[in-house]
$ cat query-v7.pdb   # PDB, C-alpha atoms
MODEL        1
ATOM      1  CA  ILE A   1    -117.760 -71.104 195.996
ATOM      2  CA  ASN A   2    -121.081 -69.830 197.374
ATOM      3  CA  TYR A   3    -122.638 -73.274 197.044
ATOM      4  CA  LEU A   4    -119.942 -75.033 199.072
ATOM      5  CA  PRO A   5    -120.594 -75.622 202.786
ATOM      6  CA  MET A   6    -118.644 -73.017 204.741
ATOM      7  CA  LYS A   7    -117.738 -75.564 207.414
ATOM      8  CA  ASP A   8    -115.573 -77.361 204.822
ATOM      9  CA  ILE A   9    -113.776 -74.221 203.634
ATOM     10  CA  LYS A  10    -110.521 -72.768 204.938
ATOM     11  CA  ILE A  11    -109.035 -69.492 203.745
ATOM     12  CA  TYR A  12    -105.311 -68.847 204.176
ATOM     13  CA  ILE A  13    -103.868 -65.359 203.713
ATOM     14  CA  ASP A  14    -100.198 -64.430 203.605
ATOM     15  CA  PRO A  15     -99.949 -60.627 203.312
ATOM     16  CA  VAL A  16     -96.197 -60.787 202.627
ATOM     17  CA  ASP A  17     -94.410 -63.844 201.266
ATOM     18  CA  ALA A  18     -90.606 -63.404 201.164
ATOM     19  CA  THR A  19     -90.613 -61.039 204.143
ATOM     20  CA  SER A  20     -86.822 -61.095 204.537
ATOM     21  CA  LEU A  21     -86.418 -59.827 200.976
ATOM     22  CA  LEU A  22     -88.945 -57.061 201.530
ATOM     23  CA  ILE A  23     -86.888 -55.904 204.515
ATOM     24  CA  LYS A  24     -83.844 -55.771 202.218
ATOM     25  CA  LYS A  25     -85.888 -53.747 199.693
ATOM     26  CA  ILE A  26     -85.780 -56.537 197.119
ATOM     27  CA  PHE A  27     -89.328 -56.315 195.882
ATOM     28  CA  ASP A  28     -89.712 -58.474 192.766
ATOM     29  CA  PRO A  29     -90.031 -61.922 194.524
ATOM     30  CA  VAL A  30     -92.432 -60.525 197.156
ATOM     31  CA  MET A  31     -95.984 -61.831 196.853
ATOM     32  CA  ILE A  32     -99.410 -61.616 198.468
ATOM     33  CA  LEU A  33    -101.107 -65.013 198.745
ATOM     34  CA  ILE A  34    -104.712 -66.076 199.256
ATOM     35  CA  GLY A  35    -105.426 -69.804 199.248
ATOM     36  CA  ILE A  36    -108.790 -71.509 199.599
ATOM     37  CA  ALA A  37    -108.954 -75.144 200.681
ATOM     38  CA  TYR A  38    -112.066 -77.304 200.480
ATOM     39  CA  LYS A  39    -112.283 -80.460 202.580
ATOM     40  CA  GLU A  40    -108.595 -80.031 203.493
ATOM     41  CA  LYS A  41    -107.395 -79.885 199.870
ATOM     42  CA  PRO A  42    -106.333 -76.751 197.949
ATOM     43  CA  LEU A  43    -109.046 -75.526 195.599
ATOM     44  CA  ILE A  44    -108.330 -71.938 194.529
ATOM     45  CA  GLY A  45    -105.198 -69.834 194.743
ATOM     46  CA  PHE A  46    -104.517 -66.126 194.191
ATOM     47  CA  SER A  47    -100.813 -65.243 194.008
ATOM     48  CA  THR A  48    -100.103 -61.552 193.497
ATOM     49  CA  TYR A  49     -96.876 -59.753 192.591
ATOM     50  CA  PRO A  50     -97.382 -56.133 193.753
ATOM     51  CA  LEU A  51     -94.279 -55.136 191.742
ATOM     52  CA  TYR A  52     -93.767 -57.704 189.018
ATOM     53  CA  GLU A  53     -90.111 -58.259 188.055
ATOM     54  CA  ASN A  54     -89.085 -54.697 188.908
ATOM     55  CA  THR A  55     -91.695 -53.201 186.590
ATOM     56  CA  ASN A  56     -94.641 -50.952 187.333
ATOM     57  CA  LYS A  57     -97.019 -53.850 186.784
ATOM     58  CA  SER A  58     -98.971 -55.779 189.372
ATOM     59  CA  ILE A  59     -99.743 -59.323 188.267
ATOM     60  CA  ILE A  60    -102.122 -61.872 189.776
ATOM     61  CA  TYR A  61    -101.905 -65.590 189.033
ATOM     62  CA  PHE A  62    -105.039 -67.511 189.897
ATOM     63  CA  ASN A  63    -106.899 -70.647 188.921
ATOM     64  CA  ILE A  64    -110.477 -71.450 188.097
ATOM     65  CA  PRO A  65    -111.059 -75.067 189.177
ATOM     66  CA  GLU A  66    -110.903 -77.405 186.181
ATOM     67  CA  LYS A  67    -110.616 -74.381 183.857
ATOM     68  CA  GLY A  68    -106.918 -73.586 184.074
ATOM     69  CA  ILE A  69    -104.491 -70.967 185.403
ATOM     70  CA  TYR A  70    -104.824 -67.307 184.480
ATOM     71  CA  GLU A  71    -102.683 -64.195 184.626
ATOM     72  CA  TYR A  72    -104.318 -60.837 185.307
ATOM     73  CA  ASP A  73    -102.559 -57.517 184.807
ATOM     74  CA  ILE A  74    -104.153 -55.168 187.322
ATOM     75  CA  TYR A  75    -103.182 -51.959 185.525
ATOM     76  CA  ASP A  76    -103.894 -53.047 181.951
ATOM     77  CA  GLU A  77    -106.930 -55.065 183.103
ATOM     78  CA  LYS A  78    -106.006 -57.966 180.815
ATOM     79  CA  PHE A  79    -106.690 -61.653 181.411
ATOM     80  CA  ILE A  80    -104.419 -64.268 179.844
ATOM     81  CA  LYS A  81    -104.840 -68.016 180.176
ATOM     82  CA  ILE A  82    -101.452 -69.529 180.947
ATOM     83  CA  LYS A  83    -100.341 -72.113 178.410
ATOM     84  CA  ILE A  84     -97.988 -74.611 179.993
ATOM     85  CA  THR A  85     -95.894 -76.982 177.922
ATOM     86  CA  GLU A  86     -96.586 -80.678 178.333
ATOM     87  CA  ASN A  87     -92.907 -81.501 177.982
ATOM     88  CA  LEU A  88     -90.582 -81.803 180.960
ATOM     89  CA  ASN A  89     -88.165 -78.917 180.699
ATOM     90  CA  LYS A  90     -84.577 -79.471 181.715
ATOM     91  CA  ASP A  91     -84.886 -76.859 184.436
ATOM     92  CA  LEU A  92     -84.746 -77.486 188.163
ATOM     93  CA  ILE A  93     -85.869 -74.727 190.508
ATOM     94  CA  VAL A  94     -83.884 -74.468 193.761
ATOM     95  CA  ARG A  95     -83.280 -72.015 196.579
ATOM     96  CA  TYR A  96     -81.052 -69.058 195.907
ATOM     97  CA  ASN A  97     -78.893 -69.754 198.985
ATOM     98  CA  MET A  98     -78.398 -73.472 198.386
ATOM     99  CA  ASN A  99     -74.805 -73.150 199.604
ATOM    100  CA  LYS A 100     -75.680 -73.673 203.248
ATOM    101  CA  GLU A 101     -74.363 -76.984 204.567
ATOM    102  CA  LYS A 102     -77.760 -78.332 205.624
ATOM    103  CA  ASP A 103     -79.460 -77.285 202.413
ATOM    104  CA  LEU A 104     -76.615 -78.613 200.294
ATOM    105  CA  GLY A 105     -76.743 -82.045 201.936
ATOM    106  CA  ILE A 106     -80.478 -82.446 201.415
ATOM    107  CA  PHE A 107     -80.267 -81.054 197.905
ATOM    108  CA  LEU A 108     -77.435 -83.448 197.042
ATOM    109  CA  ILE A 109     -79.740 -86.400 197.731
ATOM    110  CA  PHE A 110     -82.377 -84.862 195.494
ATOM    111  CA  TRP A 111     -79.796 -84.244 192.773
ATOM    112  CA  LEU A 112     -78.378 -87.774 192.888
ATOM    113  CA  LEU A 113     -81.747 -89.470 192.838
ATOM    114  CA  VAL A 114     -83.458 -87.346 190.212
ATOM    115  CA  CYS A 115     -80.960 -85.570 188.018
ATOM    116  CA  GLN A 116     -78.037 -87.961 187.599
ATOM    117  CA  LYS A 117     -79.842 -89.759 184.772
ATOM    118  CA  LEU A 118     -80.515 -86.527 182.898
ATOM    119  CA  ASN A 119     -77.984 -84.464 180.984
ATOM    120  CA  ASP A 120     -77.732 -80.709 180.576
ATOM    121  CA  TRP A 121     -80.096 -79.755 183.369
ATOM    122  CA  ASN A 122     -80.202 -76.078 184.170
ATOM    123  CA  LEU A 123     -80.347 -75.083 187.828
ATOM    124  CA  ILE A 124     -82.532 -72.016 188.272
ATOM    125  CA  ARG A 125     -82.045 -70.331 191.624
ATOM    126  CA  GLY A 126     -84.760 -68.105 192.963
ATOM    127  CA  SER A 127     -85.913 -66.351 196.094
ATOM    128  CA  GLY A 128     -89.224 -66.570 197.900
ATOM    129  CA  TYR A 129     -91.145 -69.826 198.280
ATOM    130  CA  ALA A 130     -94.213 -68.772 196.288
ATOM    131  CA  ASN A 131     -92.148 -66.974 193.656
ATOM    132  CA  LYS A 132     -90.170 -70.160 192.934
ATOM    133  CA  ALA A 133     -93.337 -72.243 192.901
ATOM    134  CA  ILE A 134     -94.903 -69.909 190.306
ATOM    135  CA  LEU A 135     -91.723 -70.140 188.244
ATOM    136  CA  ALA A 136     -91.829 -73.940 188.419
ATOM    137  CA  ILE A 137     -95.484 -74.027 187.390
ATOM    138  CA  LYS A 138     -94.943 -71.713 184.407
ATOM    139  CA  LYS A 139     -91.876 -73.663 183.271
ATOM    140  CA  ASN A 140     -93.477 -77.047 184.020
ATOM    141  CA  ALA A 141     -90.302 -77.883 185.905
ATOM    142  CA  PRO A 142     -89.571 -79.658 189.211
ATOM    143  CA  TYR A 143     -88.974 -77.448 192.230
ATOM    144  CA  TYR A 144     -87.302 -78.586 195.430
ATOM    145  CA  SER A 145     -87.629 -76.670 198.688
ATOM    146  CA  SER A 146     -85.681 -77.747 201.749
ATOM    147  CA  MET A 147     -87.336 -75.012 203.797
ATOM    148  CA  THR A 148     -89.139 -76.038 206.956
ATOM    149  CA  GLY A 149     -91.345 -74.024 209.249
ATOM    150  CA  LEU A 150     -93.648 -72.913 206.449
ATOM    151  CA  GLY A 151     -97.251 -72.249 207.370
ATOM    152  CA  PRO A 152    -100.238 -73.416 205.318
ATOM    153  CA  TRP A 153    -100.688 -69.781 204.273
ATOM    154  CA  ASP A 154     -97.299 -70.047 202.507
ATOM    155  CA  THR A 155     -98.290 -73.039 200.390
ATOM    156  CA  CYS A 156    -102.057 -73.300 199.873
ATOM    157  CA  ALA A 157    -102.373 -70.726 197.065
ATOM    158  CA  VAL A 158     -99.519 -72.068 194.934
ATOM    159  CA  ASN A 159    -100.469 -75.655 195.740
ATOM    160  CA  ALA A 160    -103.908 -74.969 194.235
ATOM    161  CA  LEU A 161    -102.200 -73.695 191.079
ATOM    162  CA  ALA A 162     -99.928 -76.749 190.978
ATOM    163  CA  LEU A 163    -102.886 -79.105 191.229
ATOM    164  CA  GLU A 164    -104.709 -77.162 188.523
ATOM    165  CA  ASN A 165    -101.691 -77.706 186.294
ATOM    166  CA  GLY A 166    -101.840 -81.479 186.831
ATOM    167  CA  GLY A 167     -98.877 -81.427 189.179
ATOM    168  CA  SER A 168     -98.612 -81.677 192.942
ATOM    169  CA  ILE A 169     -96.602 -80.536 195.934
ATOM    170  CA  ASN A 170     -95.615 -83.436 198.156
ATOM    171  CA  LYS A 171     -93.713 -84.396 201.249
ATOM    172  CA  LEU A 172     -90.565 -86.463 200.787
ATOM    173  CA  ASP A 173     -92.502 -89.637 201.626
ATOM    174  CA  GLY A 174     -94.700 -89.044 198.587
ATOM    175  CA  SER A 175     -97.824 -88.030 200.470
ATOM    176  CA  GLU A 176     -99.822 -84.937 199.619
ATOM    177  CA  ILE A 177    -100.041 -81.890 201.834
ATOM    178  CA  ILE A 178    -103.431 -82.057 203.557
ATOM    179  CA  TYR A 179    -104.651 -78.860 205.202
ATOM    180  CA  THR A 180    -105.726 -80.314 208.522
ATOM    181  CA  ASN A 181    -106.152 -78.512 211.846
ATOM    182  CA  GLU A 182    -102.833 -80.068 212.907
ATOM    183  CA  LEU A 183    -101.086 -78.500 209.929
ATOM    184  CA  ASP A 184    -102.702 -75.173 210.766
ATOM    185  CA  LYS A 185    -101.208 -75.413 214.253
ATOM    186  CA  ASN A 186     -97.741 -76.846 213.564
ATOM    187  CA  GLY A 187     -96.955 -75.755 210.019
ATOM    188  CA  LEU A 188     -94.817 -77.716 207.577
ATOM    189  CA  ASP A 189     -91.847 -79.167 209.421
ATOM    190  CA  PHE A 190     -90.635 -81.033 206.344
ATOM    191  CA  PRO A 191     -89.156 -80.299 202.895
ATOM    192  CA  VAL A 192     -91.489 -80.357 199.900
ATOM    193  CA  VAL A 193     -91.095 -81.201 196.223
ATOM    194  CA  TYR A 194     -93.181 -79.852 193.349
ATOM    195  CA  PHE A 195     -93.655 -82.116 190.339
ATOM    196  CA  PRO A 196     -95.188 -81.064 187.017
ATOM    197  CA  ASN A 197     -96.835 -84.431 186.377
ATOM    198  CA  GLU A 198     -97.603 -87.787 187.969
ATOM    199  CA  LYS A 199     -94.968 -89.713 186.008
ATOM    200  CA  ARG A 200     -92.112 -87.556 187.261
ATOM    201  CA  LYS A 201     -93.442 -87.828 190.795
ATOM    202  CA  LYS A 202     -93.599 -91.628 190.541
ATOM    203  CA  ASP A 203     -90.063 -91.805 189.083
ATOM    204  CA  PHE A 204     -88.681 -89.721 191.932
ATOM    205  CA  PHE A 205     -90.429 -91.462 194.789
ATOM    206  CA  ASP A 206     -89.676 -94.928 193.445
ATOM    207  CA  ASP A 207     -85.977 -93.980 193.529
ATOM    208  CA  TYR A 208     -86.165 -92.074 196.778
ATOM    209  CA  GLN A 209     -87.870 -94.839 198.743
ATOM    210  CA  SER A 210     -85.551 -97.542 197.420
ATOM    211  CA  ASN A 211     -82.295 -95.590 197.760
ATOM    212  CA  THR A 212     -82.731 -93.313 200.770
ATOM    213  CA  SER A 213     -81.113 -95.877 203.081
ATOM    214  CA  LYS A 214     -77.882 -95.596 201.097
ATOM    215  CA  PHE A 215     -77.306 -91.998 202.169
TER     216      PHE A 215
ENDMDL
END

$ encode --input "query-v7.pdb" --output "structure tokens"
Amino acid sequence: INYLPMKDIKIYIDPVDATSLLIKKIFDPVMILIGIAYKEKPLIGFSTYPLYENTNKSIIYFNIPEKGIYEYDIYDEKFIKIKITENLNKDLIVRYNMNKEKDLGIFLIFWLLVCQKLNDWNLIRGSGYANKAILAIKKNAPYYSSMTGLGPWDTCAVNALALENGGSINKLDGSEIIYTNELDKNGLDFPVVYFPNEKRKKDFFDDYQSNTSKF
């Protein structure tokens, strides 16, 4: 990115994503995130698992703009280009503690509007915002997060990977997350939805906007 004007570049660093799990000594969902935005849109993301899935490996997921998403094993020094299926898997990524009343109510709307037309969907519960986003990207599956209060450092890196995959992370009104100075100051005070492709996003938001008043 040396040729890009520095005035249009923002760099977001999250040294510990899933801090509450780290405190509990649950290490596998914990990640280190570096996101680079250009002209207020995510461009490059580095998402690192210091201890990948309770192994001795450290894995980095990153994208090269318009070249794809890659996995790098720090210890074995191996690069692998991630191959992501074009099909929509019947997996839905959700929060691990989706039993809270507030979360359950918001999730119920999402379930009714998106999943009621589809049979045999598998709910995959996970911990850590970035960890679930990586899981959704690799599985090419929708991911719903009711979490609010996230900072741009929580989302920029994985949002860059989502965009590289042809998907997007959106607000519930369908708009994209733009990394403005206001967002830097106030954070994300809204739920977000990850979609693996534009068609699924359109299907959801067409339903959401026409049916939200019923709930």

$ resolve_selection --input "query-v7.pdb" --expression "the PyMOL selection byres ((chain A and resi 159-176) around 7)" --output "list in words"
Pro42, Leu43, Ile44, Gly45, Phe62, Asn63, Pro65, Glu66, Gly68, Ile69, Ile137, Thr155, Cys156, Ala157, Val158, Ile177, Ile178, Phe190, Pro191, Val192, Val193, Tyr194, Phe195, Pro196, Asn197, Glu198 and Phe205 of chain A

$ atom_distance --input "query-v7.pdb" --atom1 "atom CA of A:Ile32" --atom2 "atom CA of A:Pro5"
25.8 Å

$ axis_aligned_box --input "query-v7.pdb" --around "stretch 75-84 of chain A" --padding-each-side "5 Å" --output "lines of an AutoDock Vina configuration file"
center_x = -102.5
center_y = -63.3
center_z = 182.0
size_x = 18.9
size_y = 32.7
size_z = 17.1

$ atom_distance --input "query-v7.pdb" --atom1 "atom CA of A:Lys201" --atom2 "atom CA of A:Thr180"
22.8 Å

$ closest_residue --input "query-v7.pdb" --among "A:Tyr70, A:Tyr49, A:Tyr179, A:Tyr143" --to "A:Lys83" --atoms "only C-alpha atoms"
A:Tyr70

$ residues_near_point --input "query-v7.pdb" --point "(-92.5, -66.6, 179.2)" --cutoff "12 Å" --atoms "only C-alpha atoms" --output "MDAnalysis selection string"
chainID A and resid 71 82:85 134:140

$ closest_residue --input "query-v7.pdb" --among "A:Leu51, A:Leu188, A:Met31, A:Lys24" --to "A:Ala133" --atoms "all atoms listed in the file"
A:Met31

$ closest_residue --input "query-v7.pdb" --among "A:Tyr52, A:Phe79, A:Tyr12, A:Tyr72" --to "A:Ile36" --atoms "all atoms listed in the file"
A:Tyr12
